[in-house]
Amino acid sequence: METINNYTGNILIADLASGECETEELSQELVEKALGGAAINMELYEQYKDRDPLILGTGFFTATFFPCSCLAVLTGKSPVTGAIGHVPLTWQVGVELKLSGFDFVVLLGAADKPVRLWLHDGLSDINESQDVWGKDVWESVDKIREAYGDDMIQTLLIGKAGENKVPLAQVSENYWGSKDSFGFGAVFGAKNLKAIAMRGLGALEVAEGFFQKCIELKNEILNGAIKGKSGLKDFIAPLGIDTSIKAKIESATHRLNACYNCPYPCYTFFKYREAPSVMAQTGVADPGCLTSGLAGLTRFYMLGIDAPRAMEKCFKVGLQPAAAAQILEKKGIKDLAAAEAALDALASDPVKPEGSTWPIAVNLPPAASIFSSAIPPKPVFSPVSDFGAQDAGQFWVRRQALAYTIGMCPICAVLTPEVSTEKIVELVRMSAEWDDFSVDKLNSILDNLIAKSSG
Amino acid sequence: MDLKVEPLKCTGCRICEFACNFHYDESISPIGSSLMFYREEKKNYYGLMLKREKTLLLGRPEGERILKPGEQIEGASASSKPILLRVACDRCAEEEEGPLCVRACPFGVLSME
């Protein structure tokens with residue numbers, strides 16, 4: 001087998017305590033053992049478990065022509081669950097990370113003062129970050145991009161909640177929060193790590209025939225379960241969420257966005273400081289916010305408040321929106337001003353999230369707790385039988401394990417029965433010239449990931 | 001026949017950039033493409049630029065605009081400027097099934113006209 005079509009071949013070991021970075025080779029043996037993403041993250045976590053590790057990694061197909069291949073994964077011990085958690089990082093993070101020259105990053109220890117990690121062109125620097133410590137997420141993204149001179153830089157960073165190490169804190173992808181339901185914002189804070197900034201201008205090789213096979217799969221997806229659907233609005237009815245929310249989303253939507261190489265644009269931009277219909281560039285600096293966080297959005301709407309503005313407040317201070325909205329509901333908050341004040345207070349409050357954040361019944365097995373609760377808890381547009389499965393809960397866990405390992409968006413994974421295990425195996429074999437890779441081998445890798453993470 | 005861009009169909013997935021680069025050097029990367037995606041993220045303002053032989057095609061949310069050498073690129077950020085150094089689009093002339101960017105785009109943003 002060959003890894004040059006899928007990985008740049010580098011693991012970065014960043015010792016935050018000493019400020020030193022070292023690069024190790026991503027061995028063929030490790031890829032053969034665990035394939036990628038969360039599964040390799042777990043191997044690295046175990047290797048460094050005595051040194052307070054947090055692992056950032058890319059999937060086997062991340063940043064390739066494989067459809068929906070945007071994913072990076074953050075793995076560590078969660079201050080919320082007390083156990084291992086894997087956070088799916090979507091948007092452009094995985095692409096920029098892998099093409100910056102690092103497939104995996106092992107973050108060890110804690111810095112003695114605020115720092116950020118800057119990855120680009122196969123280089124890594126741990127830089128002082130006093131300039132943005134104490135600043136909100138939006139201002140910090142702007143300043144980091146300005147400091148490094150490129151507004152296509154992708155950032156993982158924390159706001160006030162993370163700096164205060166509260167369990168509701170999340171690591172944000174640029175301005176827009178993330179699917180971090182594990183409180184890894186608090187872990188960044190404990191490490192004095194304000195941000196990781198990435199710019200990927202490197203390259204991967206491409207196996208003969210891989211581009212065409214991926215185009216065929218993309219076209220199959222477009223003509224499959226997602227056909228005629230787009231955005232978060234079309235998740236509402238199939239998931240059993242209050243259908244009045246669909247009209248609220250539609251009336252405030254500006255444009256939809258897709259993550260890297262994704263045929264389903266679920267990210268929805270809400271404009272509220274100018275009309276949603278305005279497409280031209282205007283002088284309004286911060287016209288709205290972007291989210292794929294349907295659970296939080298829905299919960300804020302259910303409070304009867306302007307949900308996108310409440311989401312913006314969560315994003316700026318670095319709070320998990322859905323968990324924060326649950327807490328506001330218990331406090332009986334019903335107006336935006338009170339909500340914004342309460343969210344500010346939550347950024348300093350050691351309260352923990354409680355249970356499922358979806359406003360619908362969720363029936364998932366205990367093993368599901370190792371994956372983000374921000375992902376729809378069941379297939380959205382198709383019955384589970386269309387995926388060749390019977391038990392919906394077990395299916396969800398394995399489908400997430402698969403997505404987090406190969407580098408596929410875990411939302412898309414529950415939208416696209418066309419992406420079968422057999423097709424994935426075929427594309428792994430083609431991409432890596434890995435003739436003896438099989439469904440059994442893939443299942444074994446996923447079993448190990450689930451067992452080790454749940455252990 | 002030349003490439004046409006319908007900017008409001010774009011969702012910013014960027015696969016066109018990578019497909020274009022693949023046409024030139026058979027690798028996956030954004031760096032050698034004739035196409036460049038640009039974004040002002042907080043404004044949700046984004047579009048595509050295409051380097052042509054003698055002009056630059058700007059696919060902005062307001063619509064298509066063709067720029068000649070020396071004209072200012074409005075709305076384009078610092079990260080977009082290297083487009084002027086890129087190779088001009090050859091419309092994937094030798095590709096039997098048409099330009100790779102057209103084939104890769106899931107949303108019909110790009111077409112030959």
# chains A, B, ... in the order shown; residues from 1 in each chain; ligands from 1
$ interface_residues --of "chain A" --to "chain B" --cutoff "9 Å" --atoms "only C-alpha atoms" --output "PyMOL selection string"
chain A and resi 5+63-65+91-92+99+138+149-152+175+200-207+211+214-215+218-219+222+254-265+269+271+279-282+284-290
$ residues_around --residues "stretch 318-322 of chain A" --least-positions-apart "3" --cutoff "6 Å" --atoms "only C-alpha atoms" --output "mmCIF file with all heavy atoms, in the first residue's frame"
data_model
loop_
_atom_site.group_PDB
_atom_site.id
_atom_site.type_symbol
_atom_site.label_atom_id
_atom_site.label_comp_id
_atom_site.auth_asym_id
_atom_site.auth_seq_id
_atom_site.Cartn_x
_atom_site.Cartn_y
_atom_site.Cartn_z
ATOM 1 N N ILE A 158 -10.563 29.744 21.043
ATOM 2 C CA ILE A 158 -11.499 29.847 22.168
ATOM 3 C C ILE A 158 -11.803 31.305 22.479
ATOM 4 O O ILE A 158 -11.035 32.206 22.147
ATOM 5 C CB ILE A 158 -10.955 29.152 23.435
ATOM 6 C CG1 ILE A 158 -9.590 29.728 23.846
ATOM 7 C CG2 ILE A 158 -10.895 27.652 23.235
ATOM 8 C CD1 ILE A 158 -9.090 29.242 25.202
ATOM 9 N N GLY A 159 -12.946 31.495 23.139
ATOM 10 C CA GLY A 159 -13.319 32.806 23.642
ATOM 11 C C GLY A 159 -13.219 32.837 25.154
ATOM 12 O O GLY A 159 -12.468 32.062 25.767
ATOM 13 N N ALA A 161 -15.242 31.833 27.428
ATOM 14 C CA ALA A 161 -15.631 30.599 28.127
ATOM 15 C C ALA A 161 -14.458 29.629 28.204
ATOM 16 O O ALA A 161 -14.225 29.007 29.251
ATOM 17 C CB ALA A 161 -16.814 29.953 27.414
ATOM 18 N N LEU A 168 -18.911 24.313 29.514
ATOM 19 C CA LEU A 168 -19.746 24.677 28.368
ATOM 20 C C LEU A 168 -18.928 25.284 27.224
ATOM 21 O O LEU A 168 -19.480 25.601 26.165
ATOM 22 C CB LEU A 168 -20.813 25.694 28.776
ATOM 23 C CG LEU A 168 -22.052 25.194 29.513
ATOM 24 C CD1 LEU A 168 -22.929 26.371 29.918
ATOM 25 C CD2 LEU A 168 -22.851 24.233 28.663
ATOM 26 N N ALA A 169 -17.629 25.470 27.450
ATOM 27 C CA ALA A 169 -16.796 26.114 26.425
ATOM 28 C C ALA A 169 -16.557 25.174 25.260
ATOM 29 O O ALA A 169 -16.362 23.975 25.441
ATOM 30 C CB ALA A 169 -15.457 26.520 27.027
ATOM 31 N N GLN A 170 -16.557 25.720 24.059
ATOM 32 C CA GLN A 170 -16.211 24.898 22.907
ATOM 33 C C GLN A 170 -15.077 25.543 22.121
ATOM 34 O O GLN A 170 -14.847 26.747 22.197
ATOM 35 C CB GLN A 170 -17.411 24.622 22.014
ATOM 36 C CG GLN A 170 -18.027 25.778 21.321
ATOM 37 C CD GLN A 170 -19.119 25.347 20.322
ATOM 38 O OE1 GLN A 170 -19.537 26.149 19.524
ATOM 39 N NE2 GLN A 170 -19.586 24.124 20.359
ATOM 40 N N ALA A 295 -29.505 21.979 16.594
ATOM 41 C CA ALA A 295 -30.068 21.760 17.942
ATOM 42 C C ALA A 295 -30.089 23.077 18.723
ATOM 43 O O ALA A 295 -31.101 23.432 19.346
ATOM 44 C CB ALA A 295 -29.253 20.697 18.689
ATOM 45 N N GLY A 296 -29.004 23.821 18.686
ATOM 46 C CA GLY A 296 -28.950 25.088 19.412
ATOM 47 C C GLY A 296 -29.894 26.115 18.814
ATOM 48 O O GLY A 296 -30.625 26.804 19.548
ATOM 49 N N CYS A 314 -23.310 33.282 21.601
ATOM 50 C CA CYS A 314 -22.594 32.046 21.994
ATOM 51 C C CYS A 314 -21.257 31.944 21.262
ATOM 52 O O CYS A 314 -20.228 31.602 21.867
ATOM 53 C CB CYS A 314 -23.442 30.816 21.680
ATOM 54 S SG CYS A 314 -24.875 30.615 22.731
ATOM 55 N N PHE A 315 -21.283 32.229 19.961
ATOM 56 C CA PHE A 315 -20.055 32.110 19.170
ATOM 57 C C PHE A 315 -18.988 33.080 19.684
ATOM 58 O O PHE A 315 -17.813 32.732 19.771
ATOM 59 C CB PHE A 315 -20.330 32.397 17.689
ATOM 60 C CG PHE A 315 -21.248 31.398 17.024
ATOM 61 C CD1 PHE A 315 -21.970 31.740 15.888
ATOM 62 C CD2 PHE A 315 -21.389 30.116 17.518
ATOM 63 C CE1 PHE A 315 -22.814 30.829 15.259
ATOM 64 C CE2 PHE A 315 -22.229 29.187 16.905
ATOM 65 C CZ PHE A 315 -22.942 29.555 15.772
ATOM 66 N N ALA A 325 -28.513 26.977 25.566
ATOM 67 C CA ALA A 325 -29.951 27.249 25.406
ATOM 68 C C ALA A 325 -30.779 26.413 26.371
ATOM 69 O O ALA A 325 -31.788 26.891 26.912
ATOM 70 C CB ALA A 325 -30.373 26.968 23.963
ATOM 71 N N THR A 357 -28.945 17.339 23.774
ATOM 72 C CA THR A 357 -29.302 18.733 23.537
ATOM 73 C C THR A 357 -30.369 18.865 22.455
ATOM 74 O O THR A 357 -30.821 19.973 22.174
ATOM 75 C CB THR A 357 -28.054 19.530 23.106
ATOM 76 O OG1 THR A 357 -27.426 18.859 22.022
ATOM 77 C CG2 THR A 357 -27.099 19.688 24.263
#
$ atom_distance --atom1 "atom CA of A:Leu446" --atom2 "atom CA of A:Ile370"
12.7 Å
$ residues_around --residues "A:Leu54" --least-positions-apart "4" --cutoff "7 Å" --atoms "only C-alpha atoms" --output "VMD selection string"
chain A and resid 75 to 76 106 to 108
$ residues_around --residues "stretch 238-252 of chain A" --least-positions-apart "5" --cutoff "9 Å" --atoms "only C-alpha atoms" --output "list in words"
Leu232, Lys233, Thr268, Phe269, Phe270, Lys271, Tyr272, Ala275, Pro276, Ser277, Thr298, Tyr301, Met302, Pro308, Pro359, Ile360, Pro376, Pro377, Lys378, Pro379, Val380, Phe381 and Ser382 of chain A
$ write_last_selection --atoms "N, CA and C atoms" --output "JSON list (two decimals), in the first residue's frame"
[["chain", "number", "residue", "atom", "x", "y", "z"],
["A", 232, "LEU", "N", -30.38, 23.71, 6.54],
["A", 232, "LEU", "CA", -30.91, 23.15, 7.79],
["A", 232, "LEU", "C", -32.43, 23.05, 7.76],
["A", 233, "LYS", "N", -33.06, 23.94, 6.99],
["A", 233, "LYS", "CA", -34.53, 23.99, 6.97],
["A", 233, "LYS", "C", -35.14, 22.65, 6.58],
["A", 268, "THR", "N", -26.00, 27.50, 7.14],
["A", 268, "THR", "CA", -27.00, 28.50, 6.79],
["A", 268, "THR", "C", -26.58, 29.85, 7.38],
["A", 269, "PHE", "N", -26.49, 30.86, 6.50],
["A", 269, "PHE", "CA", -26.12, 32.20, 6.97],
["A", 269, "PHE", "C", -27.38, 33.01, 7.21],
["A", 270, "PHE", "N", -27.52, 33.52, 8.43],
["A", 270, "PHE", "CA", -28.66, 34.36, 8.80],
["A", 270, "PHE", "C", -28.22, 35.81, 8.77],
["A", 271, "LYS", "N", -29.00, 36.63, 8.04],
["A", 271, "LYS", "CA", -28.70, 38.07, 8.02],
["A", 271, "LYS", "C", -29.76, 38.78, 8.84],
["A", 272, "TYR", "N", -29.31, 39.61, 9.78],
["A", 272, "TYR", "CA", -30.28, 40.34, 10.60],
["A", 272, "TYR", "C", -29.88, 41.80, 10.83],
["A", 275, "ALA", "N", -31.06, 43.32, 5.22],
["A", 275, "ALA", "CA", -32.04, 42.38, 4.68],
["A", 275, "ALA", "C", -31.36, 41.10, 4.18],
["A", 276, "PRO", "N", -31.93, 39.93, 4.46],
["A", 276, "PRO", "CA", -31.33, 38.68, 3.98],
["A", 276, "PRO", "C", -31.20, 38.63, 2.46],
["A", 277, "SER", "N", -31.99, 39.42, 1.76],
["A", 277, "SER", "CA", -31.95, 39.38, 0.29],
["A", 277, "SER", "C", -30.76, 40.15, -0.29],
["A", 298, "THR", "N", -32.60, 25.63, 17.12],
["A", 298, "THR", "CA", -33.98, 25.24, 17.43],
["A", 298, "THR", "C", -34.34, 25.57, 18.87],
["A", 301, "TYR", "N", -34.93, 29.23, 19.26],
["A", 301, "TYR", "CA", -36.23, 29.60, 18.70],
["A", 301, "TYR", "C", -37.35, 29.20, 19.66],
["A", 302, "MET", "N", -37.21, 28.03, 20.29],
["A", 302, "MET", "CA", -38.26, 27.55, 21.20],
["A", 302, "MET", "C", -38.39, 28.42, 22.45],
["A", 308, "PRO", "N", -30.84, 33.46, 15.81],
["A", 308, "PRO", "CA", -29.51, 33.71, 15.24],
["A", 308, "PRO", "C", -28.68, 34.70, 16.05],
["A", 359, "PRO", "N", -34.06, 18.81, 20.80],
["A", 359, "PRO", "CA", -35.42, 18.96, 21.33],
["A", 359, "PRO", "C", -36.36, 17.87, 20.82],
["A", 360, "ILE", "N", -35.81, 16.69, 20.61],
["A", 360, "ILE", "CA", -36.58, 15.53, 20.16],
["A", 360, "ILE", "C", -36.06, 14.32, 20.94],
["A", 376, "PRO", "N", -27.16, 15.18, 13.79],
["A", 376, "PRO", "CA", -28.51, 14.61, 13.85],
["A", 376, "PRO", "C", -28.45, 13.15, 14.33],
["A", 377, "PRO", "N", -29.30, 12.79, 15.30],
["A", 377, "PRO", "CA", -29.15, 11.48, 15.95],
["A", 377, "PRO", "C", -29.75, 10.32, 15.18],
["A", 378, "LYS", "N", -30.15, 10.55, 13.93],
["A", 378, "LYS", "CA", -30.66, 9.45, 13.10],
["A", 378, "LYS", "C", -30.55, 9.88, 11.64],
["A", 379, "PRO", "N", -30.68, 8.92, 10.70],
["A", 379, "PRO", "CA", -30.65, 9.32, 9.29],
["A", 379, "PRO", "C", -31.76, 10.34, 9.02],
["A", 380, "VAL", "N", -31.46, 11.34, 8.19],
["A", 380, "VAL", "CA", -32.40, 12.46, 8.05],
["A", 380, "VAL", "C", -33.43, 12.19, 6.94],
["A", 381, "PHE", "N", -32.97, 11.80, 5.75],
["A", 381, "PHE", "CA", -33.88, 11.72, 4.61],
["A", 381, "PHE", "C", -34.23, 10.29, 4.21],
["A", 382, "SER", "N", -33.66, 9.31, 4.87],
["A", 382, "SER", "CA", -33.85, 7.91, 4.45],
["A", 382, "SER", "C", -34.04, 7.04, 5.68]]
$ atom_distance --atom1 "atom CA of A:Ile221" --atom2 "atom CA of A:Ala401"
20.2 Å
$ select_by_dssp --residues "chain B" --states "alpha helix (DSSP H)" --output "PyMOL selection string"
chain B and resi 15-25+100-104
$ select_by_dssp --residues "chain B" --states "strand (DSSP E)" --output "PyMOL selection string"
chain B and resi 3-5+27-28+35-40+45-51+56-60+63-67+110-112
